[in-house]
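Enquirer: The file below is coords_38.cif, mmCIF, C-alpha atoms and all ligand atoms:
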```cif
data_query
#
loop_
_atom_site.group_PDB
_atom_site.id
_atom_site.type_symbol
_atom_site.label_atom_id
_atom_site.label_comp_id
_atom_site.auth_asym_id
_atom_site.auth_seq_id
_atom_site.Cartn_x
_atom_site.Cartn_y
_atom_site.Cartn_z
ATOM 1 C CA MET A 1 16.709 79.591 -92.679
ATOM 2 C CA THR A 2 13.437 81.155 -93.724
ATOM 3 C CA THR A 3 10.089 79.855 -92.497
ATOM 4 C CA GLY A 4 9.283 78.392 -95.909
ATOM 5 C CA GLU A 5 12.681 76.700 -96.090
ATOM 6 C CA SER A 6 12.168 75.140 -92.686
ATOM 7 C CA ALA A 7 9.125 73.228 -93.905
ATOM 8 C CA LEU A 8 10.982 71.892 -96.933
ATOM 9 C CA VAL A 9 14.034 70.767 -94.954
ATOM 10 C CA ASP A 10 11.911 68.713 -92.634
ATOM 11 C CA PHE A 11 11.879 65.349 -94.386
ATOM 12 C CA GLN A 12 12.667 62.089 -92.649
ATOM 13 C CA LEU A 13 13.907 58.716 -93.821
ATOM 14 C CA LEU A 14 10.871 56.694 -94.879
ATOM 15 C CA GLY A 15 12.112 53.649 -92.983
ATOM 16 C CA ALA A 16 15.124 52.084 -91.322
ATOM 17 C CA PRO A 17 18.081 51.849 -93.713
ATOM 18 C CA THR A 18 18.369 48.346 -95.182
ATOM 19 C CA LEU A 19 21.418 47.232 -93.224
ATOM 20 C CA SER A 20 20.313 48.934 -89.990
ATOM 21 C CA ARG A 21 17.485 46.436 -89.570
ATOM 22 C CA THR A 22 17.862 43.945 -86.776
ATOM 23 C CA GLY A 23 15.778 41.321 -85.085
ATOM 24 C CA VAL A 24 18.312 39.679 -82.792
ATOM 25 C CA GLY A 25 19.413 40.704 -79.323
ATOM 26 C CA ARG A 26 23.132 41.367 -78.859
ATOM 27 C CA ASP A 27 23.581 39.725 -75.499
ATOM 28 C CA ASP A 28 26.773 41.263 -74.148
ATOM 29 C CA LEU A 29 26.686 39.271 -70.891
ATOM 30 C CA LEU A 30 26.361 35.986 -72.763
ATOM 31 C CA ARG A 31 29.717 36.648 -74.469
ATOM 32 C CA ASP A 32 31.502 36.060 -71.150
ATOM 33 C CA ASN A 33 29.437 33.052 -70.067
ATOM 34 C CA ALA A 34 31.540 30.170 -71.431
ATOM 35 C CA ALA A 35 29.483 27.475 -69.686
ATOM 36 C CA ARG A 36 26.189 28.758 -71.132
ATOM 37 C CA LEU A 37 27.718 29.181 -74.608
ATOM 38 C CA ALA A 38 29.055 25.601 -74.534
ATOM 39 C CA GLU A 39 25.620 24.346 -73.476
ATOM 40 C CA LEU A 40 23.875 26.204 -76.320
ATOM 41 C CA TRP A 41 26.540 25.420 -78.949
ATOM 42 C CA PRO A 42 25.249 21.988 -80.156
ATOM 43 C CA ASN A 43 21.879 23.506 -81.127
ATOM 44 C CA ALA A 44 23.227 26.846 -82.342
ATOM 45 C CA ARG A 45 22.948 27.988 -85.975
ATOM 46 C CA LEU A 46 26.069 28.845 -87.908
ATOM 47 C CA LEU A 47 26.435 31.547 -90.564
ATOM 48 C CA LEU A 48 29.338 30.705 -92.881
ATOM 49 C CA LEU A 49 31.159 33.569 -94.590
ATOM 50 C CA ASP A 50 33.799 33.216 -97.284
ATOM 51 C CA SER A 51 36.787 35.495 -97.864
ATOM 52 C CA HIS A 52 34.729 37.609 -100.329
ATOM 53 C CA GLY A 53 31.956 38.220 -97.792
ATOM 54 C CA ARG A 54 29.561 35.725 -99.372
ATOM 55 C CA THR A 55 27.287 33.400 -97.408
ATOM 56 C CA PRO A 56 24.975 30.612 -98.632
ATOM 57 C CA MET A 57 21.424 31.801 -99.316
ATOM 58 C CA VAL A 58 18.354 30.014 -100.592
ATOM 59 C CA SER A 59 15.721 31.676 -102.765
ATOM 60 C CA ASP A 60 12.164 31.094 -103.947
ATOM 61 C CA GLY A 61 12.508 33.712 -106.665
ATOM 62 C CA ASP A 62 11.103 36.573 -104.555
ATOM 63 C CA ALA A 63 12.809 36.370 -101.189
ATOM 64 C CA LEU A 64 16.147 35.114 -99.916
ATOM 65 C CA TRP A 65 16.980 33.338 -96.672
ATOM 66 C CA LEU A 66 20.327 32.686 -95.108
ATOM 67 C CA ASP A 67 21.232 29.011 -95.186
ATOM 68 C CA TYR A 68 22.422 28.515 -91.616
ATOM 69 C CA ARG A 69 24.399 25.372 -90.904
ATOM 70 C CA PRO A 70 24.773 23.120 -87.835
ATOM 71 C CA THR A 71 27.766 23.795 -85.597
ATOM 72 C CA GLY A 72 28.844 20.148 -85.295
ATOM 73 C CA PRO A 73 31.609 20.270 -87.943
ATOM 74 C CA LEU A 74 33.380 22.996 -85.915
ATOM 75 C CA GLY A 75 33.724 20.742 -82.847
ATOM 76 C CA PRO A 76 32.086 20.328 -79.435
ATOM 77 C CA ALA A 77 32.620 23.970 -78.360
ATOM 78 C CA PRO A 78 32.809 27.349 -80.137
ATOM 79 C CA PRO A 79 36.259 27.866 -81.706
ATOM 80 C CA GLU A 80 38.146 31.061 -80.904
ATOM 81 C CA SER A 81 37.819 32.204 -84.525
ATOM 82 C CA ALA A 82 33.989 32.241 -84.451
ATOM 83 C CA VAL A 83 31.862 35.199 -83.362
ATOM 84 C CA LEU A 84 28.631 35.073 -81.385
ATOM 85 C CA LEU A 85 26.080 37.156 -83.299
ATOM 86 C CA GLY A 86 23.312 36.937 -80.715
ATOM 87 C CA GLU A 87 20.386 34.906 -79.485
ATOM 88 C CA HIS A 88 16.934 34.797 -81.100
ATOM 89 C CA GLU A 89 13.973 32.756 -79.872
ATOM 90 C CA GLY A 90 16.215 30.590 -77.715
ATOM 91 C CA VAL A 91 18.749 29.817 -80.444
ATOM 92 C CA CYS A 92 22.290 31.171 -80.552
ATOM 93 C CA TYR A 93 23.650 32.403 -83.880
ATOM 94 C CA TRP A 94 27.365 32.276 -84.634
ATOM 95 C CA ALA A 95 29.461 33.186 -87.682
ATOM 96 C CA ALA A 96 32.683 31.618 -88.921
ATOM 97 C CA ARG A 97 34.870 31.685 -92.007
ATOM 98 C CA ALA A 98 34.463 28.927 -94.585
ATOM 99 C CA GLU A 99 35.086 28.338 -98.246
ATOM 100 C CA PRO A 100 32.054 27.834 -100.540
ATOM 101 C CA ASP A 101 30.733 24.292 -100.778
ATOM 102 C CA GLY A 102 28.364 25.087 -103.645
ATOM 103 C CA PRO A 103 27.564 27.634 -106.400
ATOM 104 C CA VAL A 104 28.728 31.207 -105.814
ATOM 105 C CA GLN A 105 27.479 34.524 -107.095
ATOM 106 C CA GLN A 106 30.010 35.195 -109.827
ATOM 107 C CA VAL A 107 28.992 38.721 -110.719
ATOM 108 C CA TYR A 108 30.576 41.555 -108.826
ATOM 109 C CA GLY A 109 29.812 45.160 -109.467
ATOM 110 C CA TRP A 110 27.005 47.622 -109.103
ATOM 111 C CA ASP A 111 24.091 46.028 -110.860
ATOM 112 C CA ALA A 112 24.396 42.302 -110.396
ATOM 113 C CA THR A 113 21.049 40.589 -110.094
ATOM 114 C CA VAL A 114 20.317 37.991 -107.482
ATOM 115 C CA PRO A 115 20.103 34.603 -109.172
ATOM 116 C CA SER A 116 17.150 32.382 -108.451
ATOM 117 C CA ASP A 117 18.123 28.839 -107.605
ATOM 118 C CA SER A 118 16.527 25.970 -105.784
ATOM 119 C CA GLY A 119 19.701 25.218 -103.827
ATOM 120 C CA PRO A 120 22.012 27.423 -101.769
ATOM 121 C CA VAL A 121 24.022 30.036 -103.656
ATOM 122 C CA TRP A 122 26.857 31.915 -101.914
ATOM 123 C CA GLN A 123 25.910 35.595 -102.180
ATOM 124 C CA ASP A 124 27.077 38.981 -101.021
ATOM 125 C CA LEU A 125 25.386 41.267 -98.471
ATOM 126 C CA ARG A 126 25.792 44.407 -100.576
ATOM 127 C CA LEU A 127 23.807 42.922 -103.443
ATOM 128 C CA ALA A 128 21.306 40.765 -101.583
ATOM 129 C CA GLY A 129 20.842 42.666 -98.308
ATOM 130 C CA ASP A 130 17.606 44.409 -99.250
ATOM 131 C CA VAL A 131 15.672 41.193 -99.868
ATOM 132 C CA LEU A 132 16.647 39.535 -96.599
ATOM 133 C CA SER A 133 14.421 39.563 -93.526
ATOM 134 C CA ASP A 134 15.227 41.918 -90.642
ATOM 135 C CA VAL A 135 16.734 39.022 -88.666
ATOM 136 C CA ASP A 136 18.880 37.742 -91.534
ATOM 137 C CA ALA A 137 19.993 41.232 -92.613
ATOM 138 C CA GLY A 138 21.031 42.148 -89.076
ATOM 139 C CA LEU A 139 22.914 38.903 -88.504
ATOM 140 C CA LEU A 140 24.749 38.997 -91.826
ATOM 141 C CA THR A 141 25.714 42.662 -91.457
ATOM 142 C CA THR A 142 27.152 41.928 -88.014
ATOM 143 C CA ALA A 143 28.971 38.819 -89.264
ATOM 144 C CA VAL A 144 30.568 40.708 -92.164
ATOM 145 C CA ALA A 145 31.650 43.541 -89.881
ATOM 146 C CA VAL A 146 33.120 41.519 -87.031
ATOM 147 C CA LEU A 147 34.804 38.810 -89.120
ATOM 148 C CA SER A 148 36.356 41.566 -91.231
ATOM 149 C CA TRP A 149 37.716 43.086 -88.016
ATOM 150 C CA HIS A 150 39.135 39.656 -87.072
ATOM 151 C CA ASN A 151 41.144 39.760 -90.322
ATOM 152 C CA ASP A 152 42.608 43.151 -89.385
ATOM 153 C CA ALA A 153 43.172 42.534 -85.669
ATOM 154 C CA LYS A 154 45.673 39.684 -85.789
ATOM 155 C CA PHE A 155 48.533 41.878 -84.567
ATOM 156 C CA CYS A 156 48.725 44.569 -81.922
ATOM 157 C CA ALA A 157 48.572 48.132 -83.236
ATOM 158 C CA ARG A 158 50.861 49.279 -80.387
ATOM 159 C CA CYS A 159 53.669 46.669 -80.244
ATOM 160 C CA GLY A 160 53.111 44.382 -83.236
ATOM 161 C CA SER A 161 52.781 41.148 -81.225
ATOM 162 C CA PRO A 162 50.127 38.549 -82.152
ATOM 163 C CA THR A 163 46.703 38.948 -80.555
ATOM 164 C CA LYS A 164 44.252 36.416 -79.156
ATOM 165 C CA LEU A 165 40.474 36.673 -79.607
ATOM 166 C CA SER A 166 38.184 36.498 -76.586
ATOM 167 C CA ARG A 167 34.639 37.349 -75.490
ATOM 168 C CA ALA A 168 33.073 35.086 -78.141
ATOM 169 C CA GLY A 169 34.878 36.981 -80.897
ATOM 170 C CA TRP A 170 34.144 40.501 -79.608
ATOM 171 C CA ALA A 171 37.569 41.423 -78.187
ATOM 172 C CA SER A 172 41.234 40.807 -78.876
ATOM 173 C CA THR A 173 44.103 40.941 -76.404
ATOM 174 C CA CYS A 174 47.762 41.453 -77.308
ATOM 175 C CA GLU A 175 49.976 38.570 -76.161
ATOM 176 C CA GLY A 176 52.908 41.007 -75.809
ATOM 177 C CA CYS A 177 51.664 44.135 -74.037
ATOM 178 C CA GLY A 178 48.104 43.160 -73.059
ATOM 179 C CA ARG A 179 46.462 45.909 -75.093
ATOM 180 C CA GLU A 180 42.781 45.197 -75.693
ATOM 181 C CA GLU A 181 40.899 46.069 -78.845
ATOM 182 C CA TYR A 182 37.269 45.846 -79.878
ATOM 183 C CA PRO A 183 35.609 45.718 -83.327
ATOM 184 C CA ARG A 184 36.541 48.937 -85.101
ATOM 185 C CA THR A 185 34.152 51.147 -87.075
ATOM 186 C CA ASP A 186 35.137 54.168 -89.156
ATOM 187 C CA PRO A 187 32.454 56.894 -89.288
ATOM 188 C CA ALA A 188 31.738 58.509 -92.630
ATOM 189 C CA VAL A 189 29.192 61.220 -93.323
ATOM 190 C CA ILE A 190 26.872 61.087 -96.294
ATOM 191 C CA CYS A 191 24.839 64.172 -97.105
ATOM 192 C CA LEU A 192 21.851 64.839 -99.301
ATOM 193 C CA VAL A 193 22.335 68.452 -100.366
ATOM 194 C CA HIS A 194 19.296 70.180 -101.789
ATOM 195 C CA ASP A 195 18.328 73.737 -102.633
ATOM 196 C CA GLY A 196 15.471 74.111 -100.156
ATOM 197 C CA ALA A 197 13.043 73.587 -103.023
ATOM 198 C CA ASP A 198 12.992 70.918 -105.745
ATOM 199 C CA GLN A 199 16.602 70.294 -106.706
ATOM 200 C CA VAL A 200 19.024 67.777 -105.218
ATOM 201 C CA LEU A 201 22.772 67.722 -105.794
ATOM 202 C CA LEU A 202 24.217 64.510 -107.272
ATOM 203 C CA ALA A 203 27.797 63.779 -108.206
ATOM 204 C CA ARG A 204 29.850 60.943 -109.588
ATOM 205 C CA GLN A 205 33.323 59.599 -108.953
ATOM 206 C CA PRO A 206 35.579 58.836 -111.918
ATOM 207 C CA VAL A 207 35.868 55.150 -110.950
ATOM 208 C CA TRP A 208 32.104 54.568 -111.080
ATOM 209 C CA PRO A 209 30.296 53.020 -114.060
ATOM 210 C CA PRO A 210 28.967 55.537 -116.621
ATOM 211 C CA ASP A 211 25.959 57.631 -115.483
ATOM 212 C CA ARG A 212 26.183 56.392 -111.860
ATOM 213 C CA HIS A 213 25.534 59.316 -109.487
ATOM 214 C CA SER A 214 25.021 59.619 -105.761
ATOM 215 C CA VAL A 215 24.974 62.083 -102.902
ATOM 216 C CA LEU A 216 28.281 63.275 -101.424
ATOM 217 C CA ALA A 217 30.144 61.331 -98.733
ATOM 218 C CA GLY A 218 33.484 61.279 -96.962
ATOM 219 C CA PHE A 219 35.300 59.928 -93.921
ATOM 220 C CA VAL A 220 35.336 61.832 -90.643
ATOM 221 C CA GLU A 221 38.838 62.974 -89.703
ATOM 222 C CA GLY A 222 40.412 62.736 -86.251
ATOM 223 C CA GLY A 223 39.250 65.552 -84.008
ATOM 224 C CA GLU A 224 36.364 66.478 -86.311
ATOM 225 C CA SER A 225 32.642 66.573 -85.552
ATOM 226 C CA LEU A 226 30.139 64.966 -87.898
ATOM 227 C CA GLU A 227 28.591 68.337 -88.734
ATOM 228 C CA ALA A 228 31.964 69.925 -89.484
ATOM 229 C CA CYS A 229 32.802 66.954 -91.690
ATOM 230 C CA VAL A 230 29.611 67.505 -93.712
ATOM 231 C CA SER A 231 30.518 71.140 -94.359
ATOM 232 C CA ARG A 232 34.144 70.305 -95.196
ATOM 233 C CA GLU A 233 33.380 67.398 -97.509
ATOM 234 C CA VAL A 234 30.726 69.244 -99.517
ATOM 235 C CA TYR A 235 33.005 72.262 -99.903
ATOM 236 C CA GLU A 236 36.020 70.132 -100.851
ATOM 237 C CA GLU A 237 34.105 67.984 -103.319
ATOM 238 C CA VAL A 238 31.957 70.551 -105.144
ATOM 239 C CA GLY A 239 32.892 73.995 -103.769
ATOM 240 C CA LEU A 240 29.545 74.720 -102.081
ATOM 241 C CA GLU A 241 28.941 76.085 -98.602
ATOM 242 C CA VAL A 242 26.022 74.356 -96.868
ATOM 243 C CA ARG A 243 23.613 75.468 -94.153
ATOM 244 C CA SER A 244 20.880 73.811 -92.077
ATOM 245 C CA VAL A 245 22.879 70.596 -91.604
ATOM 246 C CA ARG A 246 20.576 68.019 -89.997
ATOM 247 C CA TYR A 247 20.909 64.349 -89.043
ATOM 248 C CA LEU A 248 18.769 61.786 -90.873
ATOM 249 C CA GLY A 249 19.913 58.336 -89.715
ATOM 250 C CA SER A 250 22.765 55.876 -90.009
ATOM 251 C CA GLN A 251 23.597 52.454 -91.324
ATOM 252 C CA PRO A 252 26.583 50.130 -90.960
ATOM 253 C CA TRP A 253 28.507 49.635 -94.197
ATOM 254 C CA PRO A 254 30.950 46.857 -93.348
ATOM 255 C CA PHE A 255 32.973 46.999 -96.581
ATOM 256 C CA PRO A 256 35.215 46.796 -94.692
ATOM 257 C CA ARG A 257 34.204 48.753 -91.583
ATOM 258 C CA SER A 258 32.348 52.019 -92.172
ATOM 259 C CA LEU A 259 29.370 53.502 -90.393
ATOM 260 C CA MET A 260 27.509 55.775 -92.793
ATOM 261 C CA VAL A 261 25.988 58.713 -90.918
ATOM 262 C CA GLY A 262 23.323 60.363 -93.049
ATOM 263 C CA PHE A 263 22.649 64.098 -93.094
ATOM 264 C CA THR A 264 20.779 66.608 -95.171
ATOM 265 C CA ALA A 265 21.820 70.211 -95.828
ATOM 266 C CA ILE A 266 20.894 73.143 -98.030
ATOM 267 C CA ALA A 267 23.110 74.926 -100.552
ATOM 268 C CA ASP A 268 22.645 77.741 -103.049
ATOM 269 C CA PRO A 269 22.181 76.338 -106.591
ATOM 270 C CA SER A 270 23.236 79.641 -108.174
ATOM 271 C CA VAL A 271 26.833 79.126 -106.997
ATOM 272 C CA ASP A 272 29.114 77.486 -109.576
ATOM 273 C CA LEU A 273 29.903 73.835 -108.842
ATOM 274 C CA VAL A 274 33.644 73.104 -108.672
ATOM 275 C CA PRO A 275 34.193 69.309 -108.729
ATOM 276 C CA ALA A 276 37.345 68.249 -106.880
ATOM 277 C CA ALA A 277 39.962 67.099 -109.376
ATOM 278 C CA GLY A 278 40.497 63.355 -109.309
ATOM 279 C CA GLU A 279 37.733 62.771 -106.788
ATOM 280 C CA ILE A 280 34.543 64.078 -108.428
ATOM 281 C CA GLU A 281 34.184 63.684 -112.166
ATOM 282 C CA ALA A 282 30.924 65.610 -112.446
ATOM 283 C CA ALA A 283 28.244 67.161 -110.256
ATOM 284 C CA ARG A 284 24.829 68.532 -111.148
ATOM 285 C CA TRP A 285 21.494 69.572 -109.704
ATOM 286 C CA VAL A 286 18.662 67.145 -110.447
ATOM 287 C CA HIS A 287 14.991 68.117 -110.269
ATOM 288 C CA ARG A 288 12.719 66.144 -107.971
ATOM 289 C CA ASP A 289 10.548 65.103 -110.947
ATOM 290 C CA GLU A 290 13.533 63.554 -112.753
ATOM 291 C CA LEU A 291 14.571 61.753 -109.590
ATOM 292 C CA ARG A 292 11.050 60.422 -109.064
ATOM 293 C CA ALA A 293 10.940 59.128 -112.644
ATOM 294 C CA VAL A 294 14.277 57.330 -112.269
ATOM 295 C CA LEU A 295 13.234 55.828 -108.931
ATOM 296 C CA ALA A 296 9.951 54.654 -110.465
ATOM 297 C CA ALA A 297 11.976 52.977 -113.223
ATOM 298 C CA GLY A 298 13.962 50.994 -110.642
ATOM 299 C CA GLY A 299 16.906 53.371 -110.271
ATOM 300 C CA THR A 300 18.058 53.589 -113.890
ATOM 301 C CA GLY A 301 17.091 56.389 -116.278
ATOM 302 C CA PRO A 302 18.552 58.303 -119.220
ATOM 303 C CA GLY A 303 21.962 59.589 -118.089
ATOM 304 C CA LEU A 304 21.254 58.837 -114.443
ATOM 305 C CA ILE A 305 21.807 55.612 -112.510
ATOM 306 C CA LEU A 306 21.160 55.785 -108.781
ATOM 307 C CA PRO A 307 23.150 54.092 -105.999
ATOM 308 C CA GLY A 308 22.300 50.487 -105.121
ATOM 309 C CA ILE A 309 19.162 49.717 -103.180
ATOM 310 C CA THR A 310 21.123 48.440 -100.168
ATOM 311 C CA SER A 311 22.852 51.804 -99.658
ATOM 312 C CA ILE A 312 21.630 54.515 -97.297
ATOM 313 C CA ALA A 313 22.136 56.945 -100.204
ATOM 314 C CA ARG A 314 19.290 55.275 -102.073
ATOM 315 C CA GLY A 315 17.049 55.486 -99.014
ATOM 316 C CA MET A 316 17.879 59.155 -98.532
ATOM 317 C CA LEU A 317 17.048 59.939 -102.164
ATOM 318 C CA GLN A 318 13.794 57.963 -102.008
ATOM 319 C CA SER A 319 12.798 59.801 -98.834
ATOM 320 C CA TRP A 320 13.561 63.262 -100.229
ATOM 321 C CA ALA A 321 11.842 62.477 -103.553
ATOM 322 C CA ALA A 322 8.697 61.492 -101.663
ATOM 323 C CA GLY A 323 8.587 64.882 -99.912
HETATM 324 ZN ZN ZN B 1 50.850 44.820 -77.894
#
```
Show this structure as structure tokens.
Expert:
Amino acid sequence: MTTGESALVDFQLLGAPTLSRTGVGRDDLLRDNAARLAELWPNARLLLLDSHGRTPMVSDGDALWLDYRPTGPLGPAPPESAVLLGEHEGVCYWAARAEPDGPVQQVYGWDATVPSDSGPVWQDLRLAGDVLSDVDAGLLTTAVAVLSWHNDAKFCARCGSPTKLSRAGWASTCEGCGREEYPRTDPAVICLVHDGADQVLLARQPVWPPDRHSVLAGFVEGGESLEACVSREVYEEVGLEVRSVRYLGSQPWPFPRSLMVGFTAIADPSVDLVPAAGEIEAARWVHRDELRAVLAAGGTGPGLILPGITSIARGMLQSWAAG
């Protein structure tokens, strides 16, 4: 890297990624304290989550709040199927599965808007996460992640026997062989590739809506480092070799169980782009001025629609564009 390049590489995320925000302590010791949990249960707050990952939220048109419910309907003590999210200002927060008891957000996709309603509407973290408070965003992200793991951890991966949840929803034990498992997360790298000057590389997958573009991403393979994964994925997806790979930040992406690990790297824009057949439909270099204009327009411009505002990709692009 040249001295001039070094200065240009050195951008940071402008703030914590949307779903990395948190305001609640994860009290690991409390998970094993059944007596204390039973004592706190009657006054705890309950986050309900349906099978589509939606939870009731209330809105005043600008902001959204999670509509926590009392724990009474679930019985006098926490059921095995619930998960302890944490404790905040003396109140325990739990999450449990439920079916909607009111209006639901019907629109799924990339650009659904958050409806304004005086009563609770069951809404999805991916679409509404950015307008929640730090406390609500952290609790809902954790609830989506751990309850999704509950769905996938009903049987032992070693012997196939049923499992039993324990530790307030944070562990499962096989009833056959005793194997223990904990909430699983799959790391994926996501990399903002730029040219060391004013161009950023964006690409689109064939399954995305027209004009939608984002930075490159891919899952880390067994036995692979994050940095090696960045180099491999960029080369596989667009045929470019990268240098100056540097970590930016991370955010959970519990759809169903990813951890997005953000990087930036530099590549040579004079090298021909070779989109991977079937995986990348198109890739192109975008000038910082065009990106700034699209961001200023809310993420949608002529021929270019940016990733959703809840994604770390959007935060990475905003941070680079501001440089
Ligand atoms: Zn087993």
Enquirer: Taking only C-alpha atoms and all ligand atoms into account, report as a short mmCIF file (atom, residue, chain, number, x, y, z; two decimals) with C-alpha atoms, in the frame of the given file which residues have an atom no farther than 9 Å from an atom of ligand ZN 1 (chain B).
Expert:
```cif
data_model
loop_
_atom_site.label_atom_id
_atom_site.label_comp_id
_atom_site.auth_asym_id
_atom_site.auth_seq_id
_atom_site.Cartn_x
_atom_site.Cartn_y
_atom_site.Cartn_z
CA PHE A 155 48.53 41.88 -84.57
CA CYS A 156 48.72 44.57 -81.92
CA ALA A 157 48.57 48.13 -83.24
CA ARG A 158 50.86 49.28 -80.39
CA CYS A 159 53.67 46.67 -80.24
CA GLY A 160 53.11 44.38 -83.24
CA SER A 161 52.78 41.15 -81.22
CA PRO A 162 50.13 38.55 -82.15
CA THR A 163 46.70 38.95 -80.56
CA THR A 173 44.10 40.94 -76.40
CA CYS A 174 47.76 41.45 -77.31
CA GLU A 175 49.98 38.57 -76.16
CA GLY A 176 52.91 41.01 -75.81
CA CYS A 177 51.66 44.14 -74.04
CA GLY A 178 48.10 43.16 -73.06
CA ARG A 179 46.46 45.91 -75.09
CA GLU A 180 42.78 45.20 -75.69
#
```
Enquirer: So, with only C-alpha atoms as the atoms that count, which of A:Arg246, A:His150, A:Arg204, A:Arg21 lies closest to Leu132 (chain A)?
Expert: A:Arg21
Enquirer: Kindly indicate which residue among A:Tyr182, A:Trp94, A:Trp149, A:Trp65 lies nearest to Asn43 (chain A), using only C-alpha atoms for the distances.
Expert: A:Trp94
Enquirer: For the provided coordinates, the residues matched by the PyMOL selection byres (((chain A and resi 302-312) around 10) and not hetatm) should be stated as a PyMOL selection string.
Expert: chain A and resi 13+16-20+110-112+125-131+190+202+209-215+249-253+260-262+286+290-291+294-295+298-301+313-318
Enquirer: Go ahead and write the residues just picked, C-alpha atoms, as a PDB file, in the frame of the given file.
Expert:
```pdb
ATOM      1  CA  LEU A  13      13.907  58.716 -93.821  1.00  0.00           C
ATOM      2  CA  ALA A  16      15.124  52.084 -91.322  1.00  0.00           C
ATOM      3  CA  PRO A  17      18.081  51.849 -93.713  1.00  0.00           C
ATOM      4  CA  THR A  18      18.369  48.346 -95.182  1.00  0.00           C
ATOM      5  CA  LEU A  19      21.418  47.232 -93.224  1.00  0.00           C
ATOM      6  CA  SER A  20      20.313  48.934 -89.990  1.00  0.00           C
ATOM      7  CA  TRP A 110      27.005  47.622-109.103  1.00  0.00           C
ATOM      8  CA  ASP A 111      24.091  46.028-110.860  1.00  0.00           C
ATOM      9  CA  ALA A 112      24.396  42.302-110.396  1.00  0.00           C
ATOM     10  CA  LEU A 125      25.386  41.267 -98.471  1.00  0.00           C
ATOM     11  CA  ARG A 126      25.792  44.407-100.576  1.00  0.00           C
ATOM     12  CA  LEU A 127      23.807  42.922-103.443  1.00  0.00           C
ATOM     13  CA  ALA A 128      21.306  40.765-101.583  1.00  0.00           C
ATOM     14  CA  GLY A 129      20.842  42.666 -98.308  1.00  0.00           C
ATOM     15  CA  ASP A 130      17.606  44.409 -99.250  1.00  0.00           C
ATOM     16  CA  VAL A 131      15.672  41.193 -99.868  1.00  0.00           C
ATOM     17  CA  ILE A 190      26.872  61.087 -96.294  1.00  0.00           C
ATOM     18  CA  LEU A 202      24.217  64.510-107.272  1.00  0.00           C
ATOM     19  CA  PRO A 209      30.296  53.020-114.060  1.00  0.00           C
ATOM     20  CA  PRO A 210      28.967  55.537-116.621  1.00  0.00           C
ATOM     21  CA  ASP A 211      25.959  57.631-115.483  1.00  0.00           C
ATOM     22  CA  ARG A 212      26.183  56.392-111.860  1.00  0.00           C
ATOM     23  CA  HIS A 213      25.534  59.316-109.487  1.00  0.00           C
ATOM     24  CA  SER A 214      25.021  59.619-105.761  1.00  0.00           C
ATOM     25  CA  VAL A 215      24.974  62.083-102.902  1.00  0.00           C
ATOM     26  CA  GLY A 249      19.913  58.336 -89.715  1.00  0.00           C
ATOM     27  CA  SER A 250      22.765  55.876 -90.009  1.00  0.00           C
ATOM     28  CA  GLN A 251      23.597  52.454 -91.324  1.00  0.00           C
ATOM     29  CA  PRO A 252      26.583  50.130 -90.960  1.00  0.00           C
ATOM     30  CA  TRP A 253      28.507  49.635 -94.197  1.00  0.00           C
ATOM     31  CA  MET A 260      27.509  55.775 -92.793  1.00  0.00           C
ATOM     32  CA  VAL A 261      25.988  58.713 -90.918  1.00  0.00           C
ATOM     33  CA  GLY A 262      23.323  60.363 -93.049  1.00  0.00           C
ATOM     34  CA  VAL A 286      18.662  67.145-110.447  1.00  0.00           C
ATOM     35  CA  GLU A 290      13.533  63.554-112.753  1.00  0.00           C
ATOM     36  CA  LEU A 291      14.571  61.753-109.590  1.00  0.00           C
ATOM     37  CA  VAL A 294      14.277  57.330-112.269  1.00  0.00           C
ATOM     38  CA  LEU A 295      13.234  55.828-108.931  1.00  0.00           C
ATOM     39  CA  GLY A 298      13.962  50.994-110.642  1.00  0.00           C
ATOM     40  CA  GLY A 299      16.906  53.371-110.271  1.00  0.00           C
ATOM     41  CA  THR A 300      18.058  53.589-113.890  1.00  0.00           C
ATOM     42  CA  GLY A 301      17.091  56.389-116.278  1.00  0.00           C
ATOM     43  CA  ALA A 313      22.136  56.945-100.204  1.00  0.00           C
ATOM     44  CA  ARG A 314      19.290  55.275-102.073  1.00  0.00           C
ATOM     45  CA  GLY A 315      17.049  55.486 -99.014  1.00  0.00           C
ATOM     46  CA  MET A 316      17.879  59.155 -98.532  1.00  0.00           C
ATOM     47  CA  LEU A 317      17.048  59.939-102.164  1.00  0.00           C
ATOM     48  CA  GLN A 318      13.794  57.963-102.008  1.00  0.00           C
TER      49      GLN A 318
END
```
Enquirer: Record the distance separating CA of Thr71 (chain A) and CA of Glu181 (chain A), expressed in Å with one decimal.
Expert: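 Result for CA of Thr71 (chain A) versus CA of Glu181 (chain A): 26.7 Å, one decimal.
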Enquirer: Suppose you want the space between CA of Phe263 (chain A) and CA of Leu226 (chain A); what is it in Å?
Expert: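 Between CA of Phe263 (chain A) and CA of Leu226 (chain A) the gap is 9.2 Å.
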Enquirer: With all atoms listed in the file as the counted atoms, please give the residues lying no more than 12 Å from Gly218 (chain A), apart from itself and same-chain residues fewer than 4 positions off, as JSON, numbers by chain.
Expert: {"A": [186, 187, 188, 189, 190, 191, 226, 227, 228, 229, 230, 231, 232, 233, 234, 235, 236, 237, 258, 259, 260, 261, 262, 263, 279, 280]}
Enquirer: What do you get, as a PyMOL selection string, if you spell out every residue that the PyMOL selection byres (((chain A and resi 101) around 10) and not hetatm) selects here?
Expert: chain A and resi 56+98-100+102-104+120-122
Enquirer: Work out how far apart CA of Tyr247 (chain A) and CA of Gly23 (chain A) are and give it in Å to one decimal.
Expert: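 Answer for the CA of Tyr247 (chain A) to CA of Gly23 (chain A) separation: 23.9 Å.
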Enquirer: Go through the shown structure with the PyMOL selection byres (((chain A and resi 278) around 10) and not hetatm) and write out the matching residues as JSON, numbers by chain.
Expert: {"A": [205, 206, 207, 237, 275, 276, 277, 279, 280, 281]}
